[in-house]
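Worksheet: one structure, shown below.
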Amino acid sequence: MKFISLSLLALFSYTNMSAQAPVAKGVSRPKLVVGIMIDQMRWDYLYRFNDRFTNDGFKRLLQQGHSCENTFIPYTPTYTAVGHTSVYTGSVPAITGIVGNNWYRKDLKKTWYCTDDSTVVGVGSNSSAGKMSPANLWTTTITDELRLATNFKSKTIGIAIKDRGGILPAGHTANAAYWFDNKTGGWITSSYYMNALPEWVVNFNKRELPSKYLAQNWNTLFDIKTYTQSTADEKPYEGKINGEDNTFPHITNNLKDADKWEAFKKTPYGNTYTFDMAKAAIEGEKLGQTGNTDFLAVSFSATDYTGHTFGPNSIEVEDVYLRYDRDLADFLKYLDAKIGKGQYTLFLTADHAVAHVPGFMTENKIPAGVFDDEDVRKWVNEKAEAKFAVKNAIEKVINYQLFVDYTSLEGGKVNEEEFKKWVVTLLKQHPAIMTAFDLNNLAGTPIPAKIKERVTNGYNAKLSGDIQFVFMPQYFDGGKTGTTHGAWNPYDAHIPLLWYGFNIKPGKTNRETYMTDIAPTVAALLQIQMPNGCIGDVIPEVLK
């Protein structure tokens, strides 16, 4: 009997320990951390569409998890690459080196993409889309720190239709990052991670799910007359799906190859497909089943493509989120069954939000408008040539910053400080610009402290420009249809932040928190080091 009792005690102890990842004595961790980023999700969508969400998707996270209701982005520009980087590093562009989706390289006289890497080649495709890696990221990520903390026994995987959405969260030490390739219509990676796709990815690509989803066309989930949170279906300021029009039903089953994959990204099926890949990664890599805490960083890009095209007040965006809610519910149910309810930690946030379409705003008597970066560069250069007799004094306008060609000024014997003061004064005359300033004199610039802080956090001494401007509210660089993001304003910077699962305390936090607080909170949960450029703070209300 004594032997049987000891055996049962040992079995109980083993079962209890196996419910969490084995680590040092006195330390407990979830089996899996799932980081979900929804590209271009406004915080208010959680409540705007709430009445038609299921009980098992967003509502489950809101009711059973912890919601940080006032989470903001603490820098500009509020772009995709920067948002993904800042969530996973707990840092800002001034420190991470990721200052935009693209930025201007003065040393090379060219625009540089955030994940460009000419030293690697595509794996799964020979297109240029494969020449990507995290090489431009200066700091570690929370995924890197988990790998370091477990002596590289933990697995980390990044997944997104956009390369930057998969690569930057996964960090430098990731086992893999996967993204969508327009040439093959499937998932690819680069030689930074591996020399050949794993068999499970090859088999997943063979299923050709994007084509099967497009064959279904895209109609509204409910009767279109019930979409009362949206404008009318046909509006002149909404864009179009490639090769299609801007009204329901969207006929996608006969699109040509040139339009097919770009169109796919602008449908809710892009999100479903990403969830499919996330499940396949868990199965193929046995994530959450390795005996160590693993990390799946998954980003949903289709919401951004749809949002840019149609805008936040469109039926398309409302339908995308109603469908996403159902996909999310299905994914949570899958995690419960595969990993175990209470044995994984999940956070859900966004890389940025989005502005209303200017056409929608002016239609409702609210000031709004667009302008073009290149037009501003030409305008300043024409005025500069007339006043100072120098040509092309401004090399580039990008990320709300002007890059001055000091060689041109020197050749024309133009005083640098005098020139920059003149440009700042000129920019302030532009109807779309609220203010402008010399970035070397930011401390002395009379602008609200919150804007100054966000510009400071976005300013990188090695990579940023010389002069910055700030838009009037609801103005941005764009065209006649659709919308974009990038500004400091709440419509671009107020994002959702939901926590759920292992060691998460249910509730709601209304104090102001920041995107940069996510990584240190995950670090505290896992009892590991923060990323090496982290400036965020732990959110104590979230943790048990």
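For the structure tokens, the naming scheme is as follows: chains receive sequential letters (A, B, ...) according to their order of presentation, residues are indexed from 1 within each chain, and ligands are indexed from 1 in presentation order.
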Near-Val202 (chain A) list (9 Å; only C-alpha atoms; drop same-chain fewer than 5 positions) as number ranges by chain: A: 124, 187, 197
Suppose we keep all heavy atoms; can you now write the selection as a compact mmCIF listing (two decimals), in the first residue's frame?
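The resulting file, again.txt, is reproduced below:
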```
# COMPACT_ATOMS: atom_id res chain seq x y z
N GLY A 124 11.57 28.77 -50.84
CA GLY A 124 10.20 28.53 -51.24
C GLY A 124 9.79 29.36 -52.43
O GLY A 124 8.72 29.17 -53.00
N TRP A 187 3.28 30.38 -48.67
CA TRP A 187 4.18 30.86 -47.62
C TRP A 187 5.63 30.60 -47.99
O TRP A 187 5.97 29.53 -48.51
CB TRP A 187 3.87 30.17 -46.30
CG TRP A 187 2.51 30.47 -45.80
CD1 TRP A 187 1.39 29.70 -45.92
CD2 TRP A 187 2.10 31.66 -45.10
NE1 TRP A 187 0.31 30.32 -45.34
CE2 TRP A 187 0.71 31.53 -44.83
CE3 TRP A 187 2.75 32.81 -44.68
CZ2 TRP A 187 -0.02 32.50 -44.15
CZ3 TRP A 187 2.02 33.77 -44.01
CH2 TRP A 187 0.66 33.62 -43.75
N LEU A 197 12.19 24.76 -47.05
CA LEU A 197 10.97 24.79 -46.25
C LEU A 197 10.77 23.46 -45.56
O LEU A 197 11.00 22.40 -46.16
CB LEU A 197 9.77 25.09 -47.14
CG LEU A 197 9.62 26.50 -47.72
CD1 LEU A 197 8.42 26.55 -48.65
CD2 LEU A 197 9.48 27.54 -46.61
```
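Of the listed residues A:Lys391, A:Lys212, A:Arg60, A:Lys383, the one whose atoms come nearest to Val423 (chain A) is A:Lys383, with distances taken using only C-alpha atoms.
Restricting the calculation to only C-alpha atoms, the smallest distance between Thr189 (chain A) and any of A:Lys153, A:Lys341, A:Ser133, A:Lys235 is found for A:Ser133.
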If we count only C-alpha atoms and set the cut-off at 6 Å, which residues sit around Gly239 (chain A), ignoring sequence neighbours fewer than 6 positions away in its own chain? Please answer as a list in words. Thr309, Phe310, Thr481 and Gly482 of chain A
Please identify all polymer residues within 8 Å of Ser125 (chain A), counting only C-alpha atoms, omitting same-chain residues fewer than 6 positions from it, and present them as an NGL selection string. :A and (181 or 183-184 or 188)
Next, write the just-selected residues to a file, as a PDB file, in the first residue's frame, keeping N, CA and C atoms as the atom set.
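Dumped to again_27.pdb:
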```
ATOM      1  N   ASP A 181       3.938  35.074 -50.491  1.00  0.00           N
ATOM      2  CA  ASP A 181       4.639  35.453 -51.717  1.00  0.00           C
ATOM      3  C   ASP A 181       3.652  35.538 -52.871  1.00  0.00           C
ATOM      4  N   LYS A 183       4.255  35.635 -55.968  1.00  0.00           N
ATOM      5  CA  LYS A 183       4.651  34.833 -57.132  1.00  0.00           C
ATOM      6  C   LYS A 183       4.157  33.399 -57.021  1.00  0.00           C
ATOM      7  N   THR A 184       4.258  32.829 -55.840  1.00  0.00           N
ATOM      8  CA  THR A 184       3.881  31.427 -55.652  1.00  0.00           C
ATOM      9  C   THR A 184       2.479  31.262 -55.084  1.00  0.00           C
ATOM     10  N   ILE A 188       6.476  31.595 -47.736  1.00  0.00           N
ATOM     11  CA  ILE A 188       7.907  31.450 -47.993  1.00  0.00           C
ATOM     12  C   ILE A 188       8.684  31.940 -46.778  1.00  0.00           C
TER      13      ILE A 188
END
```
Pull the strand (DSSP E) assignments for region 344-519 of chain A out of DSSP run on the backbone, and list those residues as a ChimeraX atom specification. /A:344-350,369-371,394-398,401-404,433-438,467-471,475-477,494-495,497-501,507-514
Just to be explicit: take each residue in the selection above, keep N, CA and C atoms, and write the result as a compact mmCIF listing (two decimals), in the first residue's frame.
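Output below, filename result09.txt:
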```txt
# COMPACT_ATOMS: atom_id res chain seq x y z
N TYR A 344 -1.81 28.37 -21.78
CA TYR A 344 -1.16 29.29 -22.72
C TYR A 344 -1.52 30.72 -22.32
N THR A 345 -0.65 31.65 -22.67
CA THR A 345 -0.91 33.07 -22.48
C THR A 345 -1.03 33.71 -23.85
N LEU A 346 -2.04 34.53 -24.01
CA LEU A 346 -2.27 35.20 -25.30
C LEU A 346 -2.45 36.69 -25.06
N PHE A 347 -1.81 37.49 -25.89
CA PHE A 347 -2.14 38.92 -25.90
C PHE A 347 -2.54 39.30 -27.31
N LEU A 348 -3.45 40.26 -27.41
CA LEU A 348 -3.94 40.74 -28.70
C LEU A 348 -3.84 42.25 -28.72
N THR A 349 -3.20 42.78 -29.75
CA THR A 349 -3.03 44.22 -29.87
C THR A 349 -2.97 44.58 -31.35
N ALA A 350 -2.62 45.82 -31.64
CA ALA A 350 -2.50 46.27 -33.02
C ALA A 350 -1.21 47.05 -33.19
N GLY A 369 -8.29 66.24 -45.28
CA GLY A 369 -7.71 66.40 -46.61
C GLY A 369 -6.46 65.56 -46.79
N VAL A 370 -5.92 65.58 -48.00
CA VAL A 370 -4.71 64.84 -48.33
C VAL A 370 -3.71 65.75 -49.04
N PHE A 371 -2.46 65.31 -49.03
CA PHE A 371 -1.43 65.97 -49.83
C PHE A 371 -0.40 64.93 -50.19
N ILE A 394 16.27 69.88 -51.09
CA ILE A 394 15.63 68.83 -50.29
C ILE A 394 15.74 67.53 -51.08
N GLU A 395 16.48 66.56 -50.55
CA GLU A 395 16.68 65.29 -51.24
C GLU A 395 15.44 64.42 -51.22
N LYS A 396 14.76 64.39 -50.06
CA LYS A 396 13.67 63.44 -49.88
C LYS A 396 12.70 63.93 -48.81
N VAL A 397 11.41 63.62 -49.01
CA VAL A 397 10.41 63.82 -47.96
C VAL A 397 9.80 62.46 -47.69
N ILE A 398 9.96 61.97 -46.46
CA ILE A 398 9.44 60.66 -46.09
C ILE A 398 9.25 60.61 -44.57
N GLN A 401 9.31 63.82 -42.64
CA GLN A 401 10.61 64.47 -42.46
C GLN A 401 11.22 64.87 -43.79
N LEU A 402 11.92 66.00 -43.79
CA LEU A 402 12.64 66.49 -44.95
C LEU A 402 14.12 66.24 -44.76
N PHE A 403 14.76 65.69 -45.78
CA PHE A 403 16.20 65.45 -45.76
C PHE A 403 16.88 66.53 -46.60
N VAL A 404 17.73 67.32 -45.95
CA VAL A 404 18.41 68.43 -46.61
C VAL A 404 19.69 67.95 -47.29
N ILE A 433 -0.41 71.36 -43.06
CA ILE A 433 0.61 71.24 -42.01
C ILE A 433 0.29 72.16 -40.84
N MET A 434 0.24 71.57 -39.64
CA MET A 434 -0.06 72.33 -38.43
C MET A 434 1.17 73.08 -37.95
N THR A 435 2.31 72.39 -37.94
CA THR A 435 3.55 73.03 -37.51
C THR A 435 4.73 72.28 -38.10
N ALA A 436 5.91 72.88 -38.02
CA ALA A 436 7.14 72.27 -38.50
C ALA A 436 8.29 72.77 -37.65
N PHE A 437 9.39 72.01 -37.62
CA PHE A 437 10.51 72.40 -36.76
C PHE A 437 11.78 71.68 -37.19
N ASP A 438 12.90 72.29 -36.82
CA ASP A 438 14.22 71.70 -37.02
C ASP A 438 14.39 70.61 -35.96
N ILE A 467 14.29 68.08 -40.85
CA ILE A 467 13.14 68.94 -40.53
C ILE A 467 11.90 68.06 -40.49
N GLN A 468 11.05 68.28 -39.51
CA GLN A 468 9.82 67.49 -39.39
C GLN A 468 8.61 68.40 -39.41
N PHE A 469 7.51 67.89 -39.96
CA PHE A 469 6.25 68.61 -39.89
C PHE A 469 5.20 67.74 -39.24
N VAL A 470 4.16 68.37 -38.73
CA VAL A 470 3.03 67.69 -38.10
C VAL A 470 1.77 68.08 -38.87
N PHE A 471 1.00 67.09 -39.28
CA PHE A 471 -0.22 67.34 -40.03
C PHE A 471 -1.27 68.07 -39.20
N TYR A 475 -5.52 65.11 -41.75
CA TYR A 475 -4.81 65.26 -43.02
C TYR A 475 -3.72 64.22 -43.08
N PHE A 476 -3.44 63.72 -44.28
CA PHE A 476 -2.35 62.77 -44.43
C PHE A 476 -1.89 62.71 -45.88
N ASP A 477 -0.78 62.02 -46.08
CA ASP A 477 -0.23 61.80 -47.41
C ASP A 477 -1.01 60.67 -48.06
N HIS A 494 -4.42 55.10 -30.80
CA HIS A 494 -5.15 54.41 -29.72
C HIS A 494 -5.48 53.00 -30.19
N ILE A 495 -4.90 52.00 -29.56
CA ILE A 495 -5.00 50.62 -30.02
C ILE A 495 -5.54 49.71 -28.92
N LEU A 497 -5.56 46.41 -26.42
CA LEU A 497 -4.59 45.53 -25.78
C LEU A 497 -5.36 44.60 -24.83
N LEU A 498 -5.47 43.35 -25.23
CA LEU A 498 -6.19 42.34 -24.45
C LEU A 498 -5.21 41.24 -24.04
N TRP A 499 -5.37 40.75 -22.80
CA TRP A 499 -4.55 39.67 -22.26
C TRP A 499 -5.47 38.53 -21.84
N TYR A 500 -4.99 37.31 -22.00
CA TYR A 500 -5.84 36.17 -21.65
C TYR A 500 -4.98 34.95 -21.34
N GLY A 501 -5.45 34.14 -20.37
CA GLY A 501 -4.85 32.84 -20.15
C GLY A 501 -4.01 32.73 -18.90
N GLY A 507 -10.02 41.46 -15.77
CA GLY A 507 -10.36 42.81 -15.35
C GLY A 507 -10.16 43.83 -16.45
N LYS A 508 -10.10 45.08 -16.04
CA LYS A 508 -9.99 46.17 -16.99
C LYS A 508 -9.12 47.27 -16.38
N THR A 509 -8.23 47.84 -17.17
CA THR A 509 -7.37 48.94 -16.73
C THR A 509 -7.67 50.17 -17.57
N ASN A 510 -8.03 51.27 -16.92
CA ASN A 510 -8.36 52.49 -17.64
C ASN A 510 -7.24 53.53 -17.64
N ARG A 511 -6.22 53.30 -16.83
CA ARG A 511 -5.11 54.26 -16.87
C ARG A 511 -4.37 54.13 -18.20
N GLU A 512 -3.64 55.16 -18.56
CA GLU A 512 -2.93 55.16 -19.84
C GLU A 512 -1.75 54.19 -19.80
N THR A 513 -1.73 53.28 -20.76
CA THR A 513 -0.61 52.36 -20.93
C THR A 513 -0.11 52.51 -22.37
N TYR A 514 1.00 51.83 -22.67
CA TYR A 514 1.62 52.03 -23.98
C TYR A 514 1.99 50.71 -24.63
```
So which bits of region 415-521 of chain A end up alpha helix (DSSP H) when you DSSP the backbone, as JSON, numbers by chain? {"A": [416, 417, 418, 419, 420, 421, 422, 423, 424, 425, 426, 427, 449, 450, 451, 452, 453, 454, 455, 456, 457, 458, 490, 491, 492, 493, 518, 519, 520, 521]}
Mind writing the picked residues with C-alpha atoms as a short mmCIF file (atom, residue, chain, number, x, y, z; two decimals), in the first residue's frame?
```cif
data_model
loop_
_atom_site.label_atom_id
_atom_site.label_comp_id
_atom_site.auth_asym_id
_atom_site.auth_seq_id
_atom_site.Cartn_x
_atom_site.Cartn_y
_atom_site.Cartn_z
CA GLU A 416 22.53 75.79 -43.19
CA GLU A 417 20.75 77.27 -40.19
CA GLU A 418 19.30 80.14 -42.20
CA PHE A 419 18.04 77.69 -44.82
CA LYS A 420 16.37 75.39 -42.30
CA LYS A 421 14.65 78.31 -40.55
CA TRP A 422 13.33 79.44 -43.91
CA VAL A 423 12.03 75.94 -44.75
CA VAL A 424 10.27 75.67 -41.37
CA THR A 425 8.55 79.01 -41.95
CA LEU A 426 7.54 77.96 -45.46
CA LEU A 427 6.12 74.60 -44.33
CA ALA A 449 4.51 67.95 -24.57
CA LYS A 450 2.75 64.80 -25.75
CA ILE A 451 3.51 65.51 -29.40
CA LYS A 452 7.09 66.47 -28.54
CA GLU A 453 7.60 63.21 -26.64
CA ARG A 454 6.30 61.13 -29.53
CA VAL A 455 8.44 62.93 -32.07
CA THR A 456 11.47 62.53 -29.78
CA ASN A 457 10.84 58.80 -29.44
CA GLY A 458 10.60 58.53 -33.23
CA PRO A 490 -5.69 59.16 -31.24
CA TYR A 491 -7.34 57.86 -34.41
CA ASP A 492 -3.94 56.44 -35.41
CA ALA A 493 -2.40 55.83 -31.99
CA ILE A 518 3.76 44.77 -23.64
CA ALA A 519 7.26 43.25 -23.85
CA PRO A 520 8.23 44.01 -20.22
CA THR A 521 4.90 42.61 -19.03
#
```
